[in-house]
Amino acid sequence: MRDVTHDVPAVHRRSFLKYTGALGAAAALSSSLAACSSGPESTNDTGGGDRTLTAVIGYGNDGSWDPTQTASAFAMAANNHIYEGLLDTDPISREPYAALATEVPKDSGSTSWRFTLRTGATFHDGKPVTADDVVFVFDRILDPKTQTLARGFFASWLKEVRRIDARTVELVLRFPFPDGLSRLTLAKVMPRHVFSRPGAWDDAIKGLAVGSGPYRQTAHHPKSNTTFEAFDGYNGPRRPAFKKMNWLTIVDAAPRVAKISGASAGAQIADNIPYANITRLKQGGLTVAGGAGMNNLFLMFNTRHKPFDDVRVRQALHYAIDTGKMVEVALKGHGKPSSSFLDEGNPSYRRAKTVYDYDPEKAKALLKAAGVTRLKVNILAVNVSWIVDCLPTIKSSWDAIGVETTLSPQETTAVFTKMDQRQDYQVVAAASNPNQFGLDADLIMHYNYGPDNLWMRYTRWADTPVAKQLFQDMDRATREPDPDRKRAMIQDYVDVVAEQAVLYPVVHNELMTAWDPRELTGTRAQPYPGINLLQAKWV
């Protein structure tokens, strides 16, 4: 990310694995770490006595826990319970509400927002939250030398954050950017006295978490579980409803489902429920609900590997996929063929000018026009279970148009090690869900496309004339103050992304969450990995 763009930073190989979870992946770091909170024991009346809420998360807890760096599904979900932003957002609507700040700015179109911190807000170690802590975190995020993942969500529009007094800060914007209010939840306020110590950011990656939110971390065991306790000193808007929580990481589907089902069920809620288990879980009395959003299977082409530099070849391979069969067989109806880069529920969605409806004859014609015959393709794929379920449809579809296809599913870490080492490849099939960070289309598109973007490094496409024009159009849309005009500009450049099909979704699918309604209420399924229990409580 550079100052005038809004992209994920071009990070090196502390890169993708450091952020793990952007693809629902397992993580690179697995150092064990005992909890680092010495806050007071909770005496909150949480309504369930000393009962412990047990949750099962279908993603690893051994990714980075640094809120400025992480894209780990487990860590991001946990951090939403541990930390607060100046503003936080509803997990479904993403409407901002006052968290550490006392109110949401009334003029979202201003180039300056002033925030007063909540009276009596303290960190889990008992120290007060101050304006210095807020400035400390934003300075880290905006520092081009640190190249944090969060920088990609702020640097294009946020110039600086100033301390006014001990409880007041001012955010100075480069230009009016109303969407920035909902992004403030991505800047979790962290205690300067903890994370300014030598080595503390490395400890944050490994699991050190000290926030001001309703739950404090009490233990962290990578690849096993993380535990939490209601924070007695919390005086904010989302009071903790559970005395204690134990979040288990169970990546394999069968034991994850077993943990929440049957007479010996040991958990009250689980995410990442396989489609094949929905009926049985419902029959057992559980609520199973889906969240439709940006979760998608995408194809990413190496445009330096011929013939994938030819847009006609990329288009042909998309047209050839029987996406209807994929949705029916692999996704059990819980998805839709992509008709834009954005999912149909996104506020900025418009059906793209180029939609890859199943058309094998058109695919053959495009390959012929490109002069391509006897093409052999190896698909380098992540081994996420639902992606693996979709791969046979891609292979059979491409085989049917004369493209000899082999499948190479591997651990996500292995796939992206190859990407970061710039090893040669033809096509990658993987999963992504930028909704972890927000709903606004500007954020979603810049997460995947931009001149210094990590994904564009993988595609080797960013230096082409079409790409350079696209990135200029994206930057202009970011700066456009009129919301209707901005939406139209985004829709127009999404048409270019669709036509080029360099990195593009094949299907968008639902993510399923299951919980026991006899024990929990106030729970909602979200359209991105993880869970949010800030408004849930015991029945």
# chains A, B, ... in the order shown; residues from 1 in each chain; ligands from 1
call {"tool": "select_by_dssp", "arguments": {"residues": "segment 264-452 of chain A", "states": "strand (DSSP E)", "output": "number ranges by chain"}}
result
A: 269-270, 287-301, 335-337, 376-382, 404-410, 427-432
call {"tool": "write_last_selection", "arguments": {"atoms": "N, CA and C atoms", "output": "CSV table (one decimal), in the first residue's frame"}}
result
chain,number,residue,atom,x,y,z
A,269,ILE,N,-21.9,-23.8,20.2
A,269,ILE,CA,-21.9,-23.1,19.0
A,269,ILE,C,-20.7,-23.5,18.2
A,270,ALA,N,-20.8,-23.6,16.9
A,270,ALA,CA,-19.7,-24.0,16.0
A,270,ALA,C,-19.9,-23.3,14.6
A,287,THR,N,-30.0,-25.0,15.7
A,287,THR,CA,-30.3,-24.0,14.6
A,287,THR,C,-29.0,-24.0,13.7
A,288,VAL,N,-29.3,-24.1,12.5
A,288,VAL,CA,-28.2,-24.0,11.5
A,288,VAL,C,-28.5,-22.9,10.5
A,289,ALA,N,-27.8,-21.9,10.5
A,289,ALA,CA,-28.1,-20.7,9.6
A,289,ALA,C,-26.9,-20.3,8.8
A,290,GLY,N,-27.2,-19.8,7.6
A,290,GLY,CA,-26.1,-19.4,6.7
A,290,GLY,C,-26.0,-17.9,6.6
A,291,GLY,N,-24.8,-17.4,6.3
A,291,GLY,CA,-24.6,-16.0,6.0
A,291,GLY,C,-24.0,-15.9,4.6
A,292,ALA,N,-24.7,-15.3,3.7
A,292,ALA,CA,-24.2,-15.1,2.3
A,292,ALA,C,-23.5,-13.8,2.1
A,293,GLY,N,-22.3,-13.9,1.5
A,293,GLY,CA,-21.5,-12.7,1.4
A,293,GLY,C,-20.4,-12.9,0.3
A,294,MET,N,-19.2,-12.4,0.6
A,294,MET,CA,-18.1,-12.4,-0.3
A,294,MET,C,-17.3,-13.7,-0.3
A,295,ASN,N,-17.8,-14.7,0.5
A,295,ASN,CA,-17.0,-16.0,0.5
A,295,ASN,C,-17.0,-16.6,-0.9
A,296,ASN,N,-15.9,-16.9,-1.4
A,296,ASN,CA,-15.9,-17.3,-2.8
A,296,ASN,C,-14.7,-18.3,-3.1
A,297,LEU,N,-14.9,-19.1,-4.1
A,297,LEU,CA,-13.8,-19.8,-4.8
A,297,LEU,C,-13.4,-19.0,-5.9
A,298,PHE,N,-12.1,-18.6,-6.0
A,298,PHE,CA,-11.6,-17.9,-7.1
A,298,PHE,C,-10.6,-18.6,-7.9
A,299,LEU,N,-10.4,-18.2,-9.1
A,299,LEU,CA,-9.3,-18.7,-9.9
A,299,LEU,C,-8.3,-17.5,-10.1
A,300,MET,N,-7.0,-17.8,-9.9
A,300,MET,CA,-6.0,-16.8,-10.1
A,300,MET,C,-5.0,-17.3,-11.1
A,301,PHE,N,-4.7,-16.5,-12.2
A,301,PHE,CA,-3.9,-17.0,-13.3
A,301,PHE,C,-2.5,-16.3,-13.2
A,335,GLY,N,-25.0,-21.7,-2.6
A,335,GLY,CA,-24.1,-20.8,-3.3
A,335,GLY,C,-24.7,-20.3,-4.6
A,336,LYS,N,-24.1,-19.4,-5.3
A,336,LYS,CA,-24.5,-18.9,-6.5
A,336,LYS,C,-23.3,-18.7,-7.5
A,337,PRO,N,-23.5,-19.0,-8.8
A,337,PRO,CA,-22.5,-18.7,-9.7
A,337,PRO,C,-22.2,-17.2,-9.7
A,376,LYS,N,-2.6,-28.1,-21.6
A,376,LYS,CA,-2.6,-28.9,-20.3
A,376,LYS,C,-2.5,-27.9,-19.2
A,377,VAL,N,-3.3,-28.1,-18.2
A,377,VAL,CA,-3.4,-27.2,-17.0
A,377,VAL,C,-3.3,-28.0,-15.7
A,378,ASN,N,-2.4,-27.5,-14.9
A,378,ASN,CA,-2.4,-28.1,-13.5
A,378,ASN,C,-2.9,-27.0,-12.6
A,379,ILE,N,-4.0,-27.4,-11.8
A,379,ILE,CA,-4.6,-26.4,-10.9
A,379,ILE,C,-3.9,-26.6,-9.5
A,380,LEU,N,-3.2,-25.6,-9.1
A,380,LEU,CA,-2.7,-25.6,-7.7
A,380,LEU,C,-3.8,-25.1,-6.8
A,381,ALA,N,-4.2,-25.9,-5.9
A,381,ALA,CA,-5.4,-25.6,-5.1
A,381,ALA,C,-5.1,-25.7,-3.6
A,382,VAL,N,-5.8,-24.9,-2.8
A,382,VAL,CA,-5.8,-25.1,-1.4
A,382,VAL,C,-6.7,-26.3,-1.0
A,404,GLU,N,-6.6,-30.7,-20.9
A,404,GLU,CA,-6.2,-31.8,-20.0
A,404,GLU,C,-5.8,-31.2,-18.7
A,405,THR,N,-6.6,-31.6,-17.7
A,405,THR,CA,-6.5,-30.9,-16.4
A,405,THR,C,-6.1,-31.9,-15.3
A,406,THR,N,-5.2,-31.5,-14.5
A,406,THR,CA,-4.8,-32.2,-13.3
A,406,THR,C,-5.0,-31.3,-12.1
A,407,LEU,N,-5.3,-32.0,-10.9
A,407,LEU,CA,-5.6,-31.3,-9.7
A,407,LEU,C,-4.5,-31.5,-8.7
A,408,SER,N,-4.0,-30.4,-8.1
A,408,SER,CA,-3.0,-30.5,-7.1
A,408,SER,C,-3.4,-29.8,-5.8
A,409,PRO,N,-4.3,-30.3,-5.0
A,409,PRO,CA,-4.7,-29.7,-3.8
A,409,PRO,C,-3.6,-29.9,-2.7
A,410,GLN,N,-3.2,-28.8,-2.0
A,410,GLN,CA,-2.2,-28.8,-1.0
A,410,GLN,C,-2.6,-27.9,0.2
A,427,VAL,N,-2.4,-22.0,-12.7
A,427,VAL,CA,-3.7,-21.5,-12.1
A,427,VAL,C,-3.8,-21.9,-10.7
A,428,VAL,N,-4.2,-21.0,-9.8
A,428,VAL,CA,-4.5,-21.3,-8.4
A,428,VAL,C,-6.0,-21.3,-8.2
A,429,ALA,N,-6.5,-22.3,-7.5
A,429,ALA,CA,-7.9,-22.2,-7.0
A,429,ALA,C,-7.9,-22.2,-5.5
A,430,ALA,N,-8.6,-21.1,-5.0
A,430,ALA,CA,-8.5,-20.9,-3.5
A,430,ALA,C,-9.8,-20.2,-3.1
A,431,ALA,N,-9.9,-20.0,-1.7
A,431,ALA,CA,-11.0,-19.3,-1.1
A,431,ALA,C,-10.6,-18.0,-0.6
A,432,SER,N,-11.5,-17.0,-0.6
A,432,SER,CA,-11.3,-15.7,0.0
A,432,SER,C,-12.6,-15.2,0.5
call {"tool": "select_by_dssp", "arguments": {"residues": "segment 229-406 of chain A", "states": "helix (DSSP H, G or I)", "output": "PyMOL selection string"}}
result
chain A and resi 253-260+275-283+311-319+323-330+360-369+385-400
call {"tool": "closest_atom_pairs", "arguments": {"of": "segment 359-414 of chain A", "to": "segment 48-61 of chain A", "cutoff": "12 Å", "atoms": "only C-alpha atoms", "output": "JSON lines"}}
result
{"residue": "A:Val384", "atom": "CA", "partner": "A:Tyr59", "partner_atom": "CA", "distance": 10.2}
{"residue": "A:Ser385", "atom": "CA", "partner": "A:Gly58", "partner_atom": "CA", "distance": 10.9}
{"residue": "A:Thr412", "atom": "CA", "partner": "A:Gly60", "partner_atom": "CA", "distance": 12.0}
call {"tool": "closest_residue", "arguments": {"among": "A:Ala462, A:Val313, A:Ile321, A:Leu173", "to": "Thr373 of chain A", "atoms": "only C-alpha atoms"}}
result
A:Val313
call {"tool": "closest_atom_pairs", "arguments": {"of": "segment 207-270 of chain A", "to": "segment 494-517 of chain A", "cutoff": "12 Å", "atoms": "only C-alpha atoms", "output": "tab-separated table"}}
result
residue	atom	partner	partner_atom	distance
A:Arg256	CA	A:Ala514	CA	10.9
A:Val257	CA	A:Ala514	CA	9.2
A:Ala258	CA	A:Ala514	CA	11.9
A:Lys259	CA	A:Ala514	CA	11.2
A:Ile260	CA	A:Trp515	CA	7.8
A:Ser261	CA	A:Asp516	CA	9.2
A:Gly262	CA	A:Asp516	CA	11.3
A:Ala265	CA	A:Asp516	CA	10.0
A:Gly266	CA	A:Asp516	CA	11.1
A:Ala267	CA	A:Trp515	CA	8.5
A:Gln268	CA	A:Asp516	CA	5.5
A:Ile269	CA	A:Trp515	CA	4.1
A:Ala270	CA	A:Ala514	CA	5.4
call {"tool": "write_last_selection", "arguments": {"atoms": "N, CA, C and O atoms", "output": "JSON list (two decimals), in the first residue's frame"}}
result
[["chain", "number", "residue", "atom", "x", "y", "z"],
["A", 256, "ARG", "N", -15.25, -31.58, 14.46],
["A", 256, "ARG", "CA", -15.89, -30.30, 14.76],
["A", 256, "ARG", "C", -17.40, -30.48, 14.88],
["A", 256, "ARG", "O", -18.03, -29.99, 15.82],
["A", 257, "VAL", "N", -17.98, -31.20, 13.93],
["A", 257, "VAL", "CA", -19.42, -31.45, 13.97],
["A", 257, "VAL", "C", -19.78, -32.31, 15.17],
["A", 257, "VAL", "O", -20.79, -32.08, 15.84],
["A", 258, "ALA", "N", -18.95, -33.30, 15.47],
["A", 258, "ALA", "CA", -19.22, -34.20, 16.60],
["A", 258, "ALA", "C", -19.25, -33.44, 17.91],
["A", 258, "ALA", "O", -20.01, -33.78, 18.83],
["A", 259, "LYS", "N", -18.45, -32.39, 18.00],
["A", 259, "LYS", "CA", -18.34, -31.65, 19.27],
["A", 259, "LYS", "C", -19.62, -30.90, 19.61],
["A", 259, "LYS", "O", -19.88, -30.60, 20.78],
["A", 260, "ILE", "N", -20.43, -30.60, 18.60],
["A", 260, "ILE", "CA", -21.64, -29.83, 18.86],
["A", 260, "ILE", "C", -22.91, -30.67, 18.73],
["A", 260, "ILE", "O", -24.02, -30.19, 18.96],
["A", 261, "SER", "N", -22.78, -31.93, 18.38],
["A", 261, "SER", "CA", -23.97, -32.73, 18.10],
["A", 261, "SER", "C", -24.05, -33.96, 19.00],
["A", 261, "SER", "O", -23.06, -34.41, 19.57],
["A", 262, "GLY", "N", -25.24, -34.48, 19.14],
["A", 262, "GLY", "CA", -25.45, -35.72, 19.88],
["A", 262, "GLY", "C", -25.58, -35.50, 21.38],
["A", 262, "GLY", "O", -25.47, -34.39, 21.90],
["A", 265, "ALA", "N", -22.64, -33.76, 23.29],
["A", 265, "ALA", "CA", -22.15, -32.50, 22.73],
["A", 265, "ALA", "C", -21.46, -31.68, 23.80],
["A", 265, "ALA", "O", -21.98, -31.49, 24.90],
["A", 266, "GLY", "N", -20.27, -31.17, 23.46],
["A", 266, "GLY", "CA", -19.51, -30.42, 24.44],
["A", 266, "GLY", "C", -19.42, -28.94, 24.13],
["A", 266, "GLY", "O", -18.68, -28.21, 24.78],
["A", 267, "ALA", "N", -20.16, -28.48, 23.12],
["A", 267, "ALA", "CA", -20.11, -27.07, 22.73],
["A", 267, "ALA", "C", -21.52, -26.58, 22.43],
["A", 267, "ALA", "O", -22.41, -27.36, 22.10],
["A", 268, "GLN", "N", -21.69, -25.28, 22.53],
["A", 268, "GLN", "CA", -22.99, -24.67, 22.27],
["A", 268, "GLN", "C", -23.08, -24.02, 20.89],
["A", 268, "GLN", "O", -24.16, -23.73, 20.41],
["A", 269, "ILE", "N", -21.92, -23.76, 20.25],
["A", 269, "ILE", "CA", -21.92, -23.09, 18.95],
["A", 269, "ILE", "C", -20.69, -23.52, 18.17],
["A", 269, "ILE", "O", -19.63, -23.77, 18.75],
["A", 270, "ALA", "N", -20.85, -23.64, 16.85],
["A", 270, "ALA", "CA", -19.73, -23.98, 15.97],
["A", 270, "ALA", "C", -19.92, -23.29, 14.62],
["A", 270, "ALA", "O", -21.04, -23.17, 14.13]]
call {"tool": "residues_around", "arguments": {"residues": "segment 105-118 of chain A", "least_positions_apart": "5", "cutoff": "8 Å", "atoms": "only C-alpha atoms", "output": "ChimeraX atom specification"}}
result
/A:86,99-100,129-131,167-178,181,236
call {"tool": "write_last_selection", "arguments": {"atoms": "N, CA, C and O atoms", "output": "compact mmCIF listing (two decimals), in the first residue's frame"}}
result
# COMPACT_ATOMS: atom_id res chain seq x y z
N LEU A 86 -12.20 2.88 18.27
CA LEU A 86 -12.95 4.08 18.65
C LEU A 86 -14.42 3.84 18.36
O LEU A 86 -15.30 4.12 19.17
N ALA A 99 -17.78 2.77 20.55
CA ALA A 99 -17.16 1.75 21.40
C ALA A 99 -16.29 2.46 22.44
O ALA A 99 -16.78 2.85 23.48
N LEU A 100 -15.00 2.68 22.14
CA LEU A 100 -14.19 3.47 23.07
C LEU A 100 -14.53 4.95 22.99
O LEU A 100 -14.35 5.69 23.96
N VAL A 129 -7.26 3.75 29.55
CA VAL A 129 -7.09 3.99 28.11
C VAL A 129 -6.96 5.49 27.90
O VAL A 129 -7.79 6.27 28.39
N THR A 130 -5.93 5.90 27.16
CA THR A 130 -5.70 7.33 26.94
C THR A 130 -5.57 7.63 25.45
O THR A 130 -5.42 6.73 24.61
N ALA A 131 -5.57 8.92 25.15
CA ALA A 131 -5.39 9.36 23.77
C ALA A 131 -4.04 8.90 23.23
O ALA A 131 -3.89 8.64 22.03
N ARG A 167 -7.95 12.63 26.82
CA ARG A 167 -9.11 11.81 26.44
C ARG A 167 -9.70 12.19 25.09
O ARG A 167 -10.79 11.76 24.76
N THR A 168 -8.97 12.96 24.30
CA THR A 168 -9.51 13.44 23.02
C THR A 168 -8.48 13.27 21.92
O THR A 168 -7.30 13.61 22.10
N VAL A 169 -8.94 12.75 20.78
CA VAL A 169 -8.09 12.63 19.59
C VAL A 169 -8.82 13.21 18.39
O VAL A 169 -10.05 13.29 18.36
N GLU A 170 -8.04 13.60 17.40
CA GLU A 170 -8.60 14.11 16.15
C GLU A 170 -8.02 13.32 14.99
O GLU A 170 -6.80 13.16 14.88
N LEU A 171 -8.90 12.82 14.12
CA LEU A 171 -8.48 12.15 12.90
C LEU A 171 -8.55 13.16 11.76
O LEU A 171 -9.61 13.76 11.52
N VAL A 172 -7.45 13.34 11.05
CA VAL A 172 -7.38 14.28 9.93
C VAL A 172 -7.37 13.49 8.63
O VAL A 172 -6.46 12.67 8.40
N LEU A 173 -8.37 13.71 7.79
CA LEU A 173 -8.53 12.95 6.55
C LEU A 173 -7.90 13.69 5.38
O LEU A 173 -7.80 14.93 5.37
N ARG A 174 -7.51 12.96 4.37
CA ARG A 174 -6.97 13.56 3.15
C ARG A 174 -8.08 14.15 2.29
O ARG A 174 -7.86 15.11 1.53
N PHE A 175 -9.26 13.57 2.39
CA PHE A 175 -10.43 14.02 1.64
C PHE A 175 -11.64 13.40 2.32
O PHE A 175 -11.50 12.47 3.11
N PRO A 176 -12.84 13.89 2.08
CA PRO A 176 -14.03 13.30 2.72
C PRO A 176 -14.15 11.82 2.37
O PRO A 176 -14.05 11.44 1.20
N PHE A 177 -14.37 10.99 3.40
CA PHE A 177 -14.44 9.55 3.17
C PHE A 177 -15.38 8.93 4.20
O PHE A 177 -14.95 8.37 5.21
N PRO A 178 -16.70 9.04 3.98
CA PRO A 178 -17.68 8.54 4.96
C PRO A 178 -17.50 7.06 5.31
O PRO A 178 -17.78 6.66 6.45
N LEU A 181 -15.67 5.63 8.65
CA LEU A 181 -16.21 5.42 10.00
C LEU A 181 -16.33 3.94 10.32
O LEU A 181 -15.97 3.49 11.40
N GLY A 236 -18.34 -0.52 28.82
CA GLY A 236 -18.77 -0.10 27.49
C GLY A 236 -20.14 -0.62 27.10
O GLY A 236 -20.89 -1.14 27.93
call {"tool": "closest_residue", "arguments": {"among": "A:His221, A:Val137, A:Leu286, A:Pro529", "to": "Phe437 of chain A", "atoms": "only C-alpha atoms"}}
result
A:Pro529
call {"tool": "residues_around", "arguments": {"residues": "Ala365 of chain A", "least_positions_apart": "4", "cutoff": "12 Å", "atoms": "only C-alpha atoms", "output": "list of chain:residue names"}}
result
A:Arg312, A:Val313, A:Gln315, A:Ala316, A:Leu317, A:Tyr319, A:Ala320, A:Asp359, A:Pro360, A:Glu361, A:Ala369, A:Ala370, A:Gly371, A:Val372, A:Thr373, A:Ile401, A:Gly402
call {"tool": "closest_residue", "arguments": {"among": "A:His305, A:Arg151, A:Arg524, A:His124", "to": "Ala230 of chain A", "atoms": "only C-alpha atoms"}}
result
A:His124
call {"tool": "closest_residue", "arguments": {"among": "A:Arg94, A:Arg163, A:Gly152, A:Lys362", "to": "Asn448 of chain A", "atoms": "only C-alpha atoms"}}
result
A:Gly152
call {"tool": "closest_atom_pairs", "arguments": {"of": "segment 212-311 of chain A", "to": "segment 72-81 of chain A", "cutoff": "10 Å", "atoms": "only C-alpha atoms", "output": "tab-separated table"}}
result
residue	atom	partner	partner_atom	distance
A:Ser212	CA	A:His81	CA	9.2
A:Gly213	CA	A:His81	CA	5.9
A:Pro214	CA	A:His81	CA	6.2
A:Tyr215	CA	A:His81	CA	5.6
A:Arg216	CA	A:His81	CA	7.9
A:Gln217	CA	A:Ala78	CA	8.9
A:Thr226	CA	A:Ala78	CA	8.8
A:Thr227	CA	A:Ala78	CA	9.7
A:Phe228	CA	A:His81	CA	9.1
A:Ala230	CA	A:His81	CA	9.8
A:Arg238	CA	A:His81	CA	9.2
A:Pro240	CA	A:His81	CA	8.9
A:Trp247	CA	A:Ala78	CA	8.7
A:Leu248	CA	A:Phe74	CA	9.7
A:Thr249	CA	A:Phe74	CA	8.0
call {"tool": "atom_distance", "arguments": {"atom1": "atom CA of Pro451 of chain A", "atom2": "atom CA of Gln423 of chain A"}}
result
20.2 Å
call {"tool": "closest_residue", "arguments": {"among": "A:Leu281, A:Val388, A:Ala150, A:Val189", "to": "Pro128 of chain A", "atoms": "only C-alpha atoms"}}
result
A:Val189
call {"tool": "closest_residue", "arguments": {"among": "A:Lys223, A:Lys306, A:Lys332, A:Lys468", "to": "Asp424 of chain A", "atoms": "only C-alpha atoms"}}
result
A:Lys306
